[in-house]
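Novice: Got a structure for you, questions after.
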Amino acid sequence: MQDNNRNLILATVLSFLVILVWYTVFAPEPPVNQQAPQAVTEQGADQGAVAPAQPATGTTADLGSQEQATPASKAGRVQISSPALQGSISLAGGRVDDLLLSRYQETQDPSSPDVRLLAPSSATAEPGIDTTGYKPYYAVYGWTPGAGTDPAAVPTPATIWSVESGDTLSPGNPVTLVWDNGAGQVFRRTFELDDNYLFTVSQSVQNNGDAAFSAAPYGIIARHGRPDTQNYFVLHEGTVGMHDGELIEMDYGDMADLDPVAREGRADVVEVAENGWIGFTDKYWMTTLAPAPGQAFTAVTKYAENADIYQTEARYPMQTVQPGAEFTSQGYLFAGAKVWEVIKGYEETPGIQRFVDSIDWGWFYFLTKPIFRLLHWLHGMIGNMGWAIIGLTFILKLLVFPLARKSYISMAKMKELQPEMEAIKERTGDDRMKYQKEVMELYKTQKVNPAAGCLPVLLQIPIFFSLYKVIFVTIELRHAPWIGWIRDLSAPDPSSLLNIFGLLPFAPPAQGTLLHSLSLPALAIALGISMWMQQRLNPTPTDPAQKMIFAWMPWIFMFMLGGFASGLVLYWITNNVITIIQQYTIMSMHGHRPDLFGNIKASLPNRPRGNGTGKGEAKGKGK
């Protein structure tokens, strides 16, 4: 059994090292209310987005003073109402800056406020819009004047628009805003909204003047101040986009460190030939500008140091509109939750290329995507995400069963070779090289792979990482209940050993405190027990160091994984139980039934020396 124990210890140590690194680098932290960032206190918080550079003058317009010169009370708003969104559009700039996600609350309490995605600046806020604790975050559109065009002749993020048609923006009920520059050009902006999170935005200019008119439409998404992020290496928060099939990601720190670009400030400017989109992503939410498929545009990622504003822009080509003609540019604004089924649908209609990759699938995307789709399908069939995770575990174990079966058969064969290995050991004495050579020849002759026991564990590592990613980043797991007290599979188990799992009338220590690490939840305890039972399928090693590793490993894992998402701990428990059943059954079928209770008895402390390991193992071998 020495080689079996060595393989199991190696596999356990590998798992321990992986979890140790994972826990150190990606350790779960106390939940952050990322829907309610701290209020902006920096100088320039009330300033507006910075308009694109004007080719005619080569300057960049700072619109803060223009915004503040136009009180919000004089602008007015158009209401937004749909099954998924509630909010309003400010007529100051025609900006989408007040948006609540009706299907999501800030906490699990159904009476808690809806998640706020977009918030106006103080210059455009109105009474009745509660933005306490939120930094300004909005989408705004405009036109850049071309050569020979007066900058005052085009609408900017500070322009006051009028409502030409429509009352409340809702599915099937568009709203059109209009602005006349008084010089012969009439600008219109039409908003349409579907049942979910996609706005269709059409910008047009009608040239009623006597001369040609040149201007270029653009869209901007602006965030005032750096938003609070969860700061996980495993999670991307910042800008996200697609440029002609290439996924682009940049965090806020990198945006602030961008190299200066002439007439832009700190910016990254990319010409997109046919298909693309650009915007900001949080863990669960996203706001993105998406030009019509096939539309060339300039994707800009920019940081305005003077106002501490992070921007993404979609700039369209310059257009020359002849007298009596009209030009219309159409694009899309996604503002909502990153629901896989919804954004996958937007890949098909209107055809936003690779839009589903806005979800952070990670390095193991080739595993993460199919695992999520399988979990999503199971959830649709079962109707409960916890049972879907258990079902997913059974399916994954079934897929790797041929490998596991070979591993357990190899372990059974190695038991059969124990007498021959003992004979080799006696024959070779202290000559370790000769012993290893003869043992390897024996393995080769009998077609036994001593490393087979590690293969299932090694295969579990990328699966574990991928499932961790799925549970951590996909909104489908957010606030998803299982049974009883497990009401959010994306969060740690809230139960605590310190109050006997809720039987005592006091709350457990707050997450992040020292005592919390000792307040083991029920799922963590079940995980430790399942790992301990899995170890007991093999006799306790005679080597003191190996025995100590075996004794402590399950309980170390129990404490380390107690703070992980309960969905991930549920997966690991289920995986351990299935492994125990598989190993016990397969080895029993090959005449080497594990002496589970004998091994448990042999592992207990303070046993009389007369019932030592040798007798316990001899009894186990006889079965």
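Here, A, B, ... name the chains of the structure tokens in the order displayed, residue numbers run from 1 inside each chain, and ligands are numbered from 1 in the same displayed order.
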Per residue of segment 91-128 of chain A within 12 Å of segment 280-296 of chain A, which atom pair is closest and at what distance in Å (one decimal), using only C-alpha atoms, listed by chain and increasing number, as JSON lines?
Specialist:
```
{"residue": "A:Val96", "atom": "CA", "partner": "A:Thr287", "partner_atom": "CA", "distance": 10.8}
{"residue": "A:Asp97", "atom": "CA", "partner": "A:Thr287", "partner_atom": "CA", "distance": 11.3}
{"residue": "A:Leu99", "atom": "CA", "partner": "A:Thr287", "partner_atom": "CA", "distance": 10.9}
{"residue": "A:Leu100", "atom": "CA", "partner": "A:Trp285", "partner_atom": "CA", "distance": 11.4}
{"residue": "A:Leu101", "atom": "CA", "partner": "A:Trp285", "partner_atom": "CA", "distance": 9.6}
{"residue": "A:Tyr104", "atom": "CA", "partner": "A:Tyr284", "partner_atom": "CA", "distance": 10.5}
{"residue": "A:Glu106", "atom": "CA", "partner": "A:Tyr284", "partner_atom": "CA", "distance": 11.9}
{"residue": "A:Val115", "atom": "CA", "partner": "A:Trp285", "partner_atom": "CA", "distance": 9.7}
{"residue": "A:Arg116", "atom": "CA", "partner": "A:Trp285", "partner_atom": "CA", "distance": 10.0}
{"residue": "A:Leu117", "atom": "CA", "partner": "A:Trp285", "partner_atom": "CA", "distance": 7.5}
{"residue": "A:Leu118", "atom": "CA", "partner": "A:Thr287", "partner_atom": "CA", "distance": 8.8}
```
Novice: For those residues, write N, CA and C atoms to a file as a PDB file, in the first residue's frame.
Specialist:
```
ATOM      1  N   VAL A  96     -28.952  59.456 -21.441  1.00  0.00           N
ATOM      2  CA  VAL A  96     -29.546  58.387 -20.641  1.00  0.00           C
ATOM      3  C   VAL A  96     -28.723  58.318 -19.358  1.00  0.00           C
ATOM      4  N   ASP A  97     -29.285  58.853 -18.262  1.00  0.00           N
ATOM      5  CA  ASP A  97     -28.478  58.997 -17.051  1.00  0.00           C
ATOM      6  C   ASP A  97     -29.225  58.618 -15.782  1.00  0.00           C
ATOM      7  N   LEU A  99     -31.176  55.202 -14.543  1.00  0.00           N
ATOM      8  CA  LEU A  99     -31.606  53.867 -14.938  1.00  0.00           C
ATOM      9  C   LEU A  99     -31.535  52.902 -13.755  1.00  0.00           C
ATOM     10  N   LEU A 100     -32.666  52.270 -13.478  1.00  0.00           N
ATOM     11  CA  LEU A 100     -32.780  51.250 -12.449  1.00  0.00           C
ATOM     12  C   LEU A 100     -33.120  49.920 -13.098  1.00  0.00           C
ATOM     13  N   LEU A 101     -32.553  48.835 -12.570  1.00  0.00           N
ATOM     14  CA  LEU A 101     -32.805  47.494 -13.084  1.00  0.00           C
ATOM     15  C   LEU A 101     -33.924  46.860 -12.264  1.00  0.00           C
ATOM     16  N   TYR A 104     -33.732  43.293 -10.480  1.00  0.00           N
ATOM     17  CA  TYR A 104     -32.660  42.998  -9.525  1.00  0.00           C
ATOM     18  C   TYR A 104     -32.696  43.992  -8.373  1.00  0.00           C
ATOM     19  N   GLU A 106     -30.846  45.278  -4.602  1.00  0.00           N
ATOM     20  CA  GLU A 106     -29.502  45.387  -4.046  1.00  0.00           C
ATOM     21  C   GLU A 106     -29.178  44.254  -3.081  1.00  0.00           C
ATOM     22  N   VAL A 115     -31.512  47.777  -8.180  1.00  0.00           N
ATOM     23  CA  VAL A 115     -30.130  48.119  -8.507  1.00  0.00           C
ATOM     24  C   VAL A 115     -30.113  49.335  -9.423  1.00  0.00           C
ATOM     25  N   ARG A 116     -29.348  50.334  -9.051  1.00  0.00           N
ATOM     26  CA  ARG A 116     -29.182  51.508  -9.914  1.00  0.00           C
ATOM     27  C   ARG A 116     -27.951  51.310 -10.768  1.00  0.00           C
ATOM     28  N   LEU A 117     -28.118  51.383 -12.087  1.00  0.00           N
ATOM     29  CA  LEU A 117     -27.000  51.247 -13.013  1.00  0.00           C
ATOM     30  C   LEU A 117     -26.423  52.604 -13.387  1.00  0.00           C
ATOM     31  N   LEU A 118     -27.279  53.531 -13.840  1.00  0.00           N
ATOM     32  CA  LEU A 118     -26.825  54.847 -14.293  1.00  0.00           C
ATOM     33  C   LEU A 118     -27.350  55.925 -13.350  1.00  0.00           C
TER      34      LEU A 118
END
```
Novice: Within 12 Å of Asp167 of chain A, counting only C-alpha atoms, which residues qualify if same-chain residues fewer than 4 places away don't, as a ChimeraX atom specification?
Specialist: /A:77-81,88-89,162-163,172-177,191
Novice: Take the residues from that selection and write them out as a PDB file, in the first residue's frame, keeping N, CA and C atoms.
Specialist:
```pdb
ATOM      1  N   ARG A  77     -37.380  65.944 -18.314  1.00  0.00           N
ATOM      2  CA  ARG A  77     -36.995  64.552 -18.523  1.00  0.00           C
ATOM      3  C   ARG A  77     -38.104  63.787 -19.238  1.00  0.00           C
ATOM      4  N   VAL A  78     -37.676  62.699 -19.904  1.00  0.00           N
ATOM      5  CA  VAL A  78     -38.589  61.743 -20.524  1.00  0.00           C
ATOM      6  C   VAL A  78     -38.489  60.442 -19.742  1.00  0.00           C
ATOM      7  N   GLN A  79     -39.596  59.930 -19.302  1.00  0.00           N
ATOM      8  CA  GLN A  79     -39.595  58.736 -18.473  1.00  0.00           C
ATOM      9  C   GLN A  79     -39.307  57.475 -19.294  1.00  0.00           C
ATOM     10  N   ILE A  80     -38.657  56.505 -18.629  1.00  0.00           N
ATOM     11  CA  ILE A  80     -38.380  55.181 -19.200  1.00  0.00           C
ATOM     12  C   ILE A  80     -39.122  54.155 -18.363  1.00  0.00           C
ATOM     13  N   SER A  81     -39.882  53.289 -19.013  1.00  0.00           N
ATOM     14  CA  SER A  81     -40.630  52.268 -18.289  1.00  0.00           C
ATOM     15  C   SER A  81     -40.727  51.008 -19.147  1.00  0.00           C
ATOM     16  N   SER A  88     -35.193  57.565 -16.550  1.00  0.00           N
ATOM     17  CA  SER A  88     -35.550  58.714 -17.372  1.00  0.00           C
ATOM     18  C   SER A  88     -34.362  59.164 -18.206  1.00  0.00           C
ATOM     19  N   ILE A  89     -34.671  59.953 -19.242  1.00  0.00           N
ATOM     20  CA  ILE A  89     -33.677  60.571 -20.117  1.00  0.00           C
ATOM     21  C   ILE A  89     -33.720  62.067 -19.873  1.00  0.00           C
ATOM     22  N   SER A 162     -35.888  69.231 -27.150  1.00  0.00           N
ATOM     23  CA  SER A 162     -37.335  69.244 -26.963  1.00  0.00           C
ATOM     24  C   SER A 162     -37.900  67.895 -27.392  1.00  0.00           C
ATOM     25  N   VAL A 163     -39.049  67.540 -26.828  1.00  0.00           N
ATOM     26  CA  VAL A 163     -39.713  66.286 -27.205  1.00  0.00           C
ATOM     27  C   VAL A 163     -40.582  66.551 -28.420  1.00  0.00           C
ATOM     28  N   GLY A 172     -42.093  49.296 -27.852  1.00  0.00           N
ATOM     29  CA  GLY A 172     -43.122  49.620 -28.841  1.00  0.00           C
ATOM     30  C   GLY A 172     -43.526  51.077 -28.866  1.00  0.00           C
ATOM     31  N   ASN A 173     -42.977  51.896 -27.966  1.00  0.00           N
ATOM     32  CA  ASN A 173     -43.319  53.317 -27.916  1.00  0.00           C
ATOM     33  C   ASN A 173     -42.046  54.155 -27.908  1.00  0.00           C
ATOM     34  N   PRO A 174     -41.523  54.482 -29.087  1.00  0.00           N
ATOM     35  CA  PRO A 174     -40.291  55.279 -29.161  1.00  0.00           C
ATOM     36  C   PRO A 174     -40.538  56.731 -28.785  1.00  0.00           C
ATOM     37  N   VAL A 175     -39.439  57.396 -28.518  1.00  0.00           N
ATOM     38  CA  VAL A 175     -39.481  58.830 -28.198  1.00  0.00           C
ATOM     39  C   VAL A 175     -38.482  59.532 -29.110  1.00  0.00           C
ATOM     40  N   THR A 176     -38.882  60.649 -29.695  1.00  0.00           N
ATOM     41  CA  THR A 176     -38.014  61.436 -30.570  1.00  0.00           C
ATOM     42  C   THR A 176     -37.785  62.816 -29.970  1.00  0.00           C
ATOM     43  N   LEU A 177     -36.516  63.190 -29.855  1.00  0.00           N
ATOM     44  CA  LEU A 177     -36.133  64.518 -29.393  1.00  0.00           C
ATOM     45  C   LEU A 177     -35.685  65.337 -30.601  1.00  0.00           C
ATOM     46  N   PHE A 191     -35.120  57.378 -29.609  1.00  0.00           N
ATOM     47  CA  PHE A 191     -34.802  56.246 -28.732  1.00  0.00           C
ATOM     48  C   PHE A 191     -35.903  55.195 -28.849  1.00  0.00           C
TER      49      PHE A 191
END
```
Novice: Can you pull out the residues contacting segment 301-317 of chain A? Cut-off 8 Å, using only C-alpha atoms, and skip same-chain residues under 6 positions away; I want them as a short mmCIF file (atom, residue, chain, number, x, y, z; two decimals) with all heavy atoms, in the first residue's frame.
Specialist:
```cif
data_model
loop_
_atom_site.label_atom_id
_atom_site.label_comp_id
_atom_site.auth_asym_id
_atom_site.auth_seq_id
_atom_site.Cartn_x
_atom_site.Cartn_y
_atom_site.Cartn_z
N GLU A 42 -14.34 64.29 -5.50
CA GLU A 42 -13.20 64.89 -6.17
C GLU A 42 -13.59 66.20 -6.84
O GLU A 42 -14.73 66.42 -7.21
CB GLU A 42 -12.64 63.95 -7.26
CG GLU A 42 -12.18 62.60 -6.73
CD GLU A 42 -13.28 61.57 -6.77
OE1 GLU A 42 -14.47 61.97 -6.72
OE2 GLU A 42 -12.96 60.39 -6.82
N GLN A 43 -12.62 67.05 -7.01
CA GLN A 43 -12.86 68.29 -7.76
C GLN A 43 -13.21 67.94 -9.19
O GLN A 43 -12.62 67.07 -9.80
CB GLN A 43 -11.61 69.16 -7.74
CG GLN A 43 -11.81 70.52 -8.40
CD GLN A 43 -10.55 71.35 -8.32
OE1 GLN A 43 -9.53 70.90 -7.85
NE2 GLN A 43 -10.63 72.58 -8.79
N GLY A 44 -14.24 68.57 -9.69
CA GLY A 44 -14.66 68.30 -11.06
C GLY A 44 -15.75 67.26 -11.14
O GLY A 44 -16.07 66.81 -12.21
N ALA A 45 -16.34 66.88 -10.00
CA ALA A 45 -17.35 65.84 -10.02
C ALA A 45 -18.59 66.25 -10.78
O ALA A 45 -19.31 65.42 -11.30
CB ALA A 45 -17.74 65.46 -8.59
N GLN A 47 -18.64 68.13 -13.43
CA GLN A 47 -18.38 68.40 -14.83
C GLN A 47 -18.91 67.27 -15.70
O GLN A 47 -19.08 66.15 -15.25
CB GLN A 47 -16.89 68.57 -15.06
CG GLN A 47 -16.32 69.81 -14.36
CD GLN A 47 -14.84 69.94 -14.59
OE1 GLN A 47 -14.17 68.99 -14.93
NE2 GLN A 47 -14.33 71.14 -14.39
N ALA A 49 -19.15 64.96 -19.50
CA ALA A 49 -18.25 64.23 -20.38
C ALA A 49 -17.50 65.18 -21.29
O ALA A 49 -17.97 66.27 -21.63
CB ALA A 49 -19.06 63.24 -21.22
N VAL A 50 -16.32 64.76 -21.67
CA VAL A 50 -15.49 65.56 -22.57
C VAL A 50 -15.80 65.18 -24.00
O VAL A 50 -15.68 64.01 -24.38
CB VAL A 50 -14.00 65.35 -22.27
CG1 VAL A 50 -13.15 66.17 -23.21
CG2 VAL A 50 -13.70 65.75 -20.83
N ALA A 216 -20.03 64.83 -37.68
CA ALA A 216 -19.88 63.39 -37.43
C ALA A 216 -20.56 63.04 -36.11
O ALA A 216 -20.28 63.65 -35.08
CB ALA A 216 -18.40 63.00 -37.36
N PRO A 217 -21.46 62.06 -36.12
CA PRO A 217 -22.13 61.67 -34.87
C PRO A 217 -21.20 60.85 -33.97
O PRO A 217 -20.25 60.22 -34.44
CB PRO A 217 -23.31 60.83 -35.34
CG PRO A 217 -22.88 60.28 -36.67
CD PRO A 217 -21.96 61.30 -37.28
N TYR A 218 -21.48 60.87 -32.68
CA TYR A 218 -20.71 60.07 -31.74
C TYR A 218 -21.59 59.68 -30.56
O TYR A 218 -22.66 60.25 -30.33
CB TYR A 218 -19.48 60.83 -31.25
CG TYR A 218 -19.77 62.07 -30.43
CD1 TYR A 218 -20.09 61.99 -29.07
CD2 TYR A 218 -19.73 63.33 -31.02
CE1 TYR A 218 -20.35 63.12 -28.33
CE2 TYR A 218 -19.99 64.48 -30.28
CZ TYR A 218 -20.31 64.37 -28.93
OH TYR A 218 -20.59 65.49 -28.20
N GLY A 219 -21.13 58.70 -29.80
CA GLY A 219 -21.75 58.31 -28.54
C GLY A 219 -20.68 58.20 -27.48
O GLY A 219 -19.55 57.80 -27.78
N ILE A 220 -21.01 58.56 -26.26
CA ILE A 220 -20.06 58.52 -25.15
C ILE A 220 -20.71 57.83 -23.95
O ILE A 220 -21.89 58.05 -23.66
CB ILE A 220 -19.62 59.94 -24.73
CG1 ILE A 220 -18.79 60.61 -25.82
CG2 ILE A 220 -18.82 59.91 -23.42
CD1 ILE A 220 -18.43 62.06 -25.51
N ILE A 221 -19.96 56.99 -23.28
CA ILE A 221 -20.33 56.51 -21.95
C ILE A 221 -19.30 57.07 -20.99
O ILE A 221 -18.09 56.88 -21.18
CB ILE A 221 -20.36 54.98 -21.87
CG1 ILE A 221 -21.41 54.42 -22.83
CG2 ILE A 221 -20.66 54.51 -20.44
CD1 ILE A 221 -21.42 52.91 -22.91
N ALA A 222 -19.76 57.79 -19.96
CA ALA A 222 -18.86 58.48 -19.04
C ALA A 222 -19.10 58.00 -17.61
O ALA A 222 -20.25 57.84 -17.19
CB ALA A 222 -19.05 59.99 -19.13
N ARG A 223 -17.99 57.79 -16.88
CA ARG A 223 -18.06 57.46 -15.46
C ARG A 223 -17.23 58.49 -14.70
O ARG A 223 -16.04 58.66 -14.98
CB ARG A 223 -17.51 56.06 -15.17
CG ARG A 223 -18.23 54.96 -15.88
CD ARG A 223 -17.87 53.58 -15.32
NE ARG A 223 -18.65 53.30 -14.13
CZ ARG A 223 -18.95 52.06 -13.72
NH1 ARG A 223 -18.49 51.01 -14.38
NH2 ARG A 223 -19.67 51.87 -12.64
N HIS A 224 -17.84 59.20 -13.78
CA HIS A 224 -17.15 60.21 -12.99
C HIS A 224 -16.45 59.54 -11.81
O HIS A 224 -17.10 58.94 -10.94
CB HIS A 224 -18.14 61.25 -12.46
CG HIS A 224 -18.69 62.15 -13.53
ND1 HIS A 224 -18.78 63.51 -13.37
CD2 HIS A 224 -19.18 61.88 -14.76
CE1 HIS A 224 -19.30 64.04 -14.46
NE2 HIS A 224 -19.57 63.06 -15.32
N GLY A 225 -15.16 59.65 -11.76
CA GLY A 225 -14.42 59.04 -10.67
C GLY A 225 -14.29 57.53 -10.85
O GLY A 225 -15.10 56.90 -11.52
N ARG A 226 -13.26 56.98 -10.25
CA ARG A 226 -13.06 55.54 -10.36
C ARG A 226 -14.10 54.80 -9.53
O ARG A 226 -14.24 55.04 -8.32
CB ARG A 226 -11.65 55.18 -9.87
CG ARG A 226 -11.35 53.70 -9.95
CD ARG A 226 -9.88 53.45 -9.75
NE ARG A 226 -9.57 52.03 -9.82
CZ ARG A 226 -8.35 51.53 -9.99
NH1 ARG A 226 -7.33 52.36 -10.10
NH2 ARG A 226 -8.15 50.24 -10.04
N THR A 239 -13.11 48.69 -18.86
CA THR A 239 -13.64 48.76 -20.22
C THR A 239 -13.61 47.38 -20.86
O THR A 239 -12.75 46.55 -20.56
CB THR A 239 -12.83 49.73 -21.09
OG1 THR A 239 -11.49 49.24 -21.23
CG2 THR A 239 -12.80 51.12 -20.49
N TYR A 252 -9.31 50.15 -14.82
CA TYR A 252 -9.30 51.59 -14.61
C TYR A 252 -7.89 52.12 -14.35
O TYR A 252 -7.57 53.24 -14.74
CB TYR A 252 -10.24 51.95 -13.45
CG TYR A 252 -11.68 51.65 -13.77
CD1 TYR A 252 -12.30 50.51 -13.28
CD2 TYR A 252 -12.42 52.50 -14.58
CE1 TYR A 252 -13.62 50.22 -13.58
CE2 TYR A 252 -13.74 52.22 -14.90
CZ TYR A 252 -14.33 51.08 -14.40
OH TYR A 252 -15.64 50.79 -14.71
N MET A 255 -6.32 52.62 -17.64
CA MET A 255 -6.86 53.78 -18.33
C MET A 255 -6.18 55.06 -17.86
O MET A 255 -5.84 55.94 -18.66
CB MET A 255 -8.38 53.89 -18.11
CG MET A 255 -9.20 52.83 -18.82
SD MET A 255 -10.97 53.07 -18.54
CE MET A 255 -11.28 54.59 -19.43
N ALA A 256 -5.99 55.17 -16.55
CA ALA A 256 -5.35 56.37 -16.00
C ALA A 256 -3.89 56.48 -16.40
O ALA A 256 -3.31 57.58 -16.35
CB ALA A 256 -5.48 56.37 -14.47
N LEU A 258 -2.75 55.59 -19.47
CA LEU A 258 -2.63 55.65 -20.93
C LEU A 258 -1.70 56.78 -21.35
O LEU A 258 -1.61 57.82 -20.70
CB LEU A 258 -4.00 55.84 -21.57
CG LEU A 258 -4.95 54.63 -21.59
CD1 LEU A 258 -6.34 55.06 -22.03
CD2 LEU A 258 -4.40 53.55 -22.52
N GLU A 264 -6.40 64.58 -27.59
CA GLU A 264 -7.27 63.62 -26.90
C GLU A 264 -7.04 63.58 -25.40
O GLU A 264 -7.95 63.27 -24.65
CB GLU A 264 -7.05 62.21 -27.45
CG GLU A 264 -7.33 62.04 -28.94
CD GLU A 264 -8.82 62.00 -29.24
OE1 GLU A 264 -9.63 62.08 -28.31
OE2 GLU A 264 -9.16 61.91 -30.42
N GLY A 265 -5.83 63.86 -24.94
CA GLY A 265 -5.48 63.58 -23.56
C GLY A 265 -5.00 62.13 -23.46
O GLY A 265 -4.44 61.58 -24.42
N ARG A 266 -5.18 61.51 -22.31
CA ARG A 266 -4.79 60.11 -22.16
C ARG A 266 -5.86 59.24 -22.83
O ARG A 266 -7.00 59.19 -22.37
CB ARG A 266 -4.66 59.76 -20.68
CG ARG A 266 -3.52 60.50 -19.98
CD ARG A 266 -3.26 59.95 -18.60
NE ARG A 266 -2.15 60.64 -17.95
CZ ARG A 266 -0.87 60.32 -18.11
NH1 ARG A 266 -0.56 59.30 -18.91
NH2 ARG A 266 0.08 60.99 -17.50
N ALA A 267 -5.46 58.59 -23.90
CA ALA A 267 -6.47 57.88 -24.69
C ALA A 267 -5.85 56.75 -25.49
O ALA A 267 -4.65 56.71 -25.75
CB ALA A 267 -7.18 58.86 -25.64
N ASP A 268 -6.70 55.80 -25.84
CA ASP A 268 -6.37 54.73 -26.77
C ASP A 268 -7.38 54.80 -27.90
O ASP A 268 -8.60 54.68 -27.66
CB ASP A 268 -6.44 53.37 -26.06
CG ASP A 268 -6.12 52.21 -27.00
OD1 ASP A 268 -5.05 52.23 -27.63
OD2 ASP A 268 -6.97 51.29 -27.11
N VAL A 269 -6.92 55.02 -29.10
CA VAL A 269 -7.79 55.24 -30.26
C VAL A 269 -7.57 54.12 -31.26
O VAL A 269 -6.44 53.88 -31.70
CB VAL A 269 -7.50 56.61 -30.91
CG1 VAL A 269 -8.45 56.85 -32.08
CG2 VAL A 269 -7.63 57.73 -29.88
N TRP A 277 -17.87 46.89 -30.62
CA TRP A 277 -18.63 47.55 -29.57
C TRP A 277 -17.65 47.92 -28.46
O TRP A 277 -16.55 47.38 -28.37
CB TRP A 277 -19.76 46.67 -29.04
CG TRP A 277 -19.40 45.23 -28.85
CD1 TRP A 277 -19.49 44.23 -29.77
CD2 TRP A 277 -18.89 44.62 -27.65
NE1 TRP A 277 -19.06 43.03 -29.24
CE2 TRP A 277 -18.70 43.23 -27.94
CE3 TRP A 277 -18.59 45.08 -26.38
CZ2 TRP A 277 -18.20 42.34 -26.98
CZ3 TRP A 277 -18.10 44.19 -25.42
CH2 TRP A 277 -17.93 42.84 -25.74
N ILE A 278 -18.05 48.84 -27.59
CA ILE A 278 -17.16 49.29 -26.54
C ILE A 278 -17.98 49.86 -25.39
O ILE A 278 -19.04 50.46 -25.60
CB ILE A 278 -16.16 50.34 -27.06
CG1 ILE A 278 -15.09 50.65 -26.01
CG2 ILE A 278 -16.88 51.60 -27.50
CD1 ILE A 278 -13.93 51.46 -26.55
N GLY A 279 -17.50 49.65 -24.15
CA GLY A 279 -18.22 50.18 -23.00
C GLY A 279 -17.54 49.80 -21.70
O GLY A 279 -16.36 49.45 -21.67
N PHE A 280 -18.31 49.85 -20.61
CA PHE A 280 -17.82 49.52 -19.28
C PHE A 280 -18.54 48.29 -18.76
O PHE A 280 -19.75 48.14 -18.95
CB PHE A 280 -18.05 50.68 -18.31
CG PHE A 280 -17.20 51.88 -18.57
CD1 PHE A 280 -17.71 52.98 -19.23
CD2 PHE A 280 -15.87 51.92 -18.16
CE1 PHE A 280 -16.93 54.10 -19.47
CE2 PHE A 280 -15.08 53.03 -18.41
CZ PHE A 280 -15.61 54.13 -19.06
N LEU A 289 -21.75 50.75 -25.94
CA LEU A 289 -22.13 51.32 -27.23
C LEU A 289 -21.84 50.31 -28.33
O LEU A 289 -20.72 49.78 -28.41
CB LEU A 289 -21.35 52.60 -27.50
CG LEU A 289 -21.53 53.75 -26.51
CD1 LEU A 289 -20.45 54.80 -26.73
CD2 LEU A 289 -22.92 54.36 -26.62
N ALA A 290 -22.83 50.03 -29.17
CA ALA A 290 -22.65 49.05 -30.25
C ALA A 290 -23.15 49.65 -31.56
O ALA A 290 -24.37 49.73 -31.78
CB ALA A 290 -23.40 47.76 -29.94
N PRO A 291 -22.26 50.10 -32.45
CA PRO A 291 -22.69 50.56 -33.78
C PRO A 291 -23.39 49.44 -34.55
O PRO A 291 -23.24 48.25 -34.21
CB PRO A 291 -21.37 50.96 -34.45
CG PRO A 291 -20.45 51.26 -33.32
CD PRO A 291 -20.83 50.29 -32.23
#
```
Novice: For a quick check of understanding, using only C-alpha atoms, which of A:Met533, A:Leu193, A:Ala92, A:Ile160 has the smallest distance to Asp180 of chain A?
Specialist: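 Result for the nearest residue to Asp180 of chain A: A:Ile160.
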Novice: To test your reading of the structure, identify every residue in segment 192-287 of chain A that backbone DSSP assigns to strand (DSSP E), and report it as number ranges by chain.
Specialist: A: 192-193, 198-207, 213-224, 238-243, 246-251, 260-261, 265-272, 276-281, 285-287
Novice: Check the DSSP output for the backbone and give back, as a list in words, the residues of segment 74-170 of chain A in helix (DSSP H, G or I).
Specialist: Lys74, Pro151, Ala152 and Ala153 of chain A
Novice: Report, in Å to a single decimal, how far apart atom CA of Ile463 of chain A and atom CA of Gly567 of chain A are.
Specialist: 14.0 Å
Novice: Write out as a count of residues only the residues lying within 10 Å of Asn196 of chain A, counting only C-alpha atoms and excluding same-chain residues fewer than 2 positions away.
Specialist: 18
Novice: Have a look at A:Asp493, A:Gln583, A:Tyr137, A:Ile371 and name the one nearest to Ala404 of chain A; count only C-alpha atoms.
Specialist: A:Gln583
Novice: Please list as a PyMOL selection string every residue within 8 Å of Gly93 of chain A, counting only C-alpha atoms and excluding residues in the same chain fewer than 6 positions away.
Specialist: chain A and resi 140-142+155-161
Novice: Select, from A:Thr298, A:Ser204, A:Gln534, A:Ser566, the residue with the minimum atom-to-atom distance to Glu274 of chain A, counting only C-alpha atoms.
Specialist: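 The shortest atom-to-atom distance to Glu274 of chain A comes from A:Thr298.
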Novice: Skip Gly362 of chain A itself and residues of its chain fewer than 3 positions away, then list as a PyMOL selection string all residues within 8 Å of it, counting only C-alpha atoms.
Specialist: chain A and resi 234+365+368+469
Novice: Can I get the selection written as a compact mmCIF listing (two decimals), in the first residue's frame, with C-alpha atoms?
Specialist:
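That gives us selection.txt:
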```txt
# COMPACT_ATOMS: atom_id res chain seq x y z
CA VAL A 234 -9.96 36.55 -11.45
CA TYR A 365 -13.15 29.67 -21.44
CA THR A 368 -16.20 27.60 -18.63
CA LYS A 469 -15.53 31.19 -12.50
```
Novice: Skip Trp482 of chain A itself and residues of its chain fewer than 5 positions away, then list as a list in words all residues within 12 Å of it, counting only C-alpha atoms.
Specialist: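 Result of the neighbour search: His379, Ile382, Gly383, Asn384, Met385, Gly386, Trp387, Ala388, Ile389, Ile390, Leu477, Arg487, Asp488, Leu489, Ser490, Ala491, Asp493, Ser566, Gly567 and Leu570 of chain A.
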Novice: Let me make sure I understand: among A:Pro370, A:Glu476, A:Phe364, A:Gln535, which one has the smallest atom-to-atom distance to Trp340 of chain A if we use only C-alpha atoms?
Specialist: A:Glu476
Novice: Could you check the closest approach to Ile573 of chain A for each of A:Ala526, A:Ala183, A:Leu91, A:Met589 and tell me which residue wins, using only C-alpha atoms?
Specialist: A:Ala526
